[in-house]
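One file, upload_8.txt, carrying compact mmCIF, C-alpha atoms:
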# COMPACT_ATOMS: atom_id res chain seq x y z
CA MET A 1 -9.09 0.34 18.17
CA PRO A 2 -5.68 0.54 19.81
CA LEU A 3 -3.38 -2.39 19.11
CA ASP A 4 -0.64 -3.44 21.49
CA LYS A 5 2.48 -5.44 20.73
CA ALA A 6 0.94 -8.66 22.04
CA THR A 7 -2.03 -8.37 19.66
CA VAL A 8 0.24 -7.67 16.69
CA ALA A 9 2.44 -10.63 17.66
CA ARG A 10 -0.67 -12.85 17.83
CA ILE A 11 -1.86 -11.65 14.40
CA ALA A 12 1.61 -12.30 12.97
CA THR A 13 1.57 -15.80 14.45
CA LEU A 14 -1.85 -16.53 12.96
CA ALA A 15 -0.66 -15.24 9.57
CA ARG A 16 2.55 -17.27 9.96
CA ILE A 17 4.68 -14.17 9.51
CA ARG A 18 7.87 -13.85 11.53
CA VAL A 19 8.10 -10.30 12.89
CA PRO A 20 11.14 -9.28 14.95
CA GLU A 21 10.37 -7.94 18.43
CA GLY A 22 11.75 -4.51 17.54
CA GLU A 23 9.31 -4.06 14.65
CA LEU A 24 6.11 -4.87 16.58
CA GLU A 25 5.60 -1.32 17.86
CA GLY A 26 5.87 0.26 14.40
CA LEU A 27 3.70 -2.42 12.86
CA ALA A 28 1.04 -1.79 15.52
CA ALA A 29 0.98 1.90 14.58
CA GLU A 30 0.64 1.07 10.87
CA MET A 31 -2.16 -1.40 11.53
CA GLU A 32 -4.01 1.20 13.64
CA LYS A 33 -3.86 3.61 10.68
CA ILE A 34 -5.25 0.92 8.36
CA ILE A 35 -8.07 0.10 10.76
CA GLY A 36 -8.84 3.83 11.06
CA TRP A 37 -9.09 4.10 7.28
CA VAL A 38 -11.48 1.14 7.14
CA GLU A 39 -13.58 2.75 9.88
CA GLN A 40 -13.78 5.91 7.72
CA LEU A 41 -15.16 3.77 4.88
CA ASP A 42 -17.85 2.52 7.23
CA GLU A 43 -19.14 6.11 7.54
CA VAL A 44 -19.91 6.35 3.79
CA ASN A 45 -23.63 6.17 3.01
CA THR A 46 -24.18 3.36 0.49
CA ASP A 47 -27.95 2.99 0.86
CA GLU A 48 -28.65 4.18 -2.71
CA VAL A 49 -25.80 2.21 -4.32
CA PRO A 50 -26.84 -1.09 -5.92
CA PRO A 51 -24.59 -4.11 -5.39
CA MET A 52 -22.22 -4.78 -8.27
CA ALA A 53 -19.53 -7.22 -9.25
CA SER A 54 -17.62 -4.80 -11.48
CA VAL A 55 -17.28 -1.07 -12.01
CA VAL A 56 -18.09 -1.63 -15.69
CA ASP A 57 -21.51 -2.96 -16.69
CA VAL A 58 -20.52 -5.95 -18.85
CA ASP A 59 -22.46 -9.06 -19.77
CA LEU A 60 -20.20 -12.06 -20.05
CA PRO A 61 -20.67 -14.35 -23.03
CA TRP A 62 -22.36 -17.66 -22.28
CA ARG A 63 -21.26 -20.97 -23.72
CA ALA A 64 -23.00 -24.31 -23.86
CA ASP A 65 -22.50 -26.37 -20.73
CA LYS A 66 -21.30 -29.61 -22.25
CA VAL A 67 -18.80 -32.21 -21.12
CA SER A 68 -15.78 -32.79 -23.30
CA ASP A 69 -12.37 -34.33 -22.87
CA GLY A 70 -10.64 -31.20 -24.18
CA ASP A 71 -9.42 -33.02 -27.27
CA CYS A 72 -5.78 -32.74 -26.21
CA ARG A 73 -4.96 -36.22 -24.91
CA ASP A 74 -1.92 -36.62 -27.14
CA LYS A 75 -0.45 -33.28 -26.01
CA VAL A 76 -0.94 -34.20 -22.35
CA LEU A 77 0.50 -37.68 -22.77
CA ALA A 78 3.53 -36.24 -24.57
CA ASN A 79 4.74 -35.08 -21.13
CA ALA A 80 4.30 -38.50 -19.51
CA PRO A 81 7.43 -40.46 -18.64
CA ASP A 82 5.55 -43.69 -19.32
CA LYS A 83 2.24 -44.25 -21.12
CA ALA A 84 0.24 -47.24 -22.29
CA GLU A 85 -2.85 -47.42 -24.53
CA GLY A 86 -3.60 -43.69 -24.22
CA PHE A 87 -3.23 -43.51 -20.43
CA PHE A 88 -0.51 -42.63 -17.92
CA ALA A 89 1.35 -45.77 -16.85
CA VAL A 90 2.30 -45.88 -13.17
CA PRO A 91 3.98 -48.52 -11.04
CA LYS A 92 1.72 -51.02 -9.29
CA VAL A 93 1.35 -50.10 -5.59
CA ILE A 94 -0.91 -52.93 -4.39
CA GLU A 95 0.72 -56.03 -2.99
Any chance you could put this one into structure tokens?
Amino acid sequence: MPLDKATVARIATLARIRVPEGELEGLAAEMEKIIGWVEQLDEVNTDEVPPMASVVDVDLPWRADKVSDGDCRDKVLANAPDKAEGFFAVPKVIE
């Protein structure tokens, strides 16, 4: 898939990356190489390969799904500039 400077400039705009005009041509060539490599991967036969989430077969430990407050209220409130009765105190914003 050949990329021209206008396409690369559009991609850079969408990615919110500022690319100088002089670098668009070189960047287009690099992106064509990347796309070519991805197209090579598409040629690999993966019919016999089962889907996996990791290259290592590991079972993650399970924990009980229970709600807790974390038991660290005092540590969290230690960072508060103002606190009252175990809660963050903030200025009143309703008139």
Atom pair CA of Pro2 in chain A + CA of Leu27 in chain A, distance 12.0 Å
Could you please give me, as JSON, numbers by chain, the residues of protein, DNA or RNA lying at most 12 Å from (-1.8, -4.5, 18.6) in the coordinate frame of the file, considering only C-alpha atoms? {"A": [1, 2, 3, 4, 5, 6, 7, 8, 9, 10, 11, 12, 23, 24, 25, 26, 27, 28, 29, 30, 31, 32, 33, 35]}
Work out how far apart CA of Gly86 in chain A and CA of Cys72 in chain A are and give it in Å to one decimal. 11.3 Å
What's around Leu77 in chain A at 8 Å? Count all atoms listed in the file, leave out sequence neighbours fewer than 2 positions away in its own chain, and write the answer as a PyMOL selection string. chain A and resi 73-75+79-80+83+86-88
In Å, rounded to a single decimal, give me how far CA of Val38 in chain A is from CA of Pro50 in chain A.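 So the answer is 20.3 Å.
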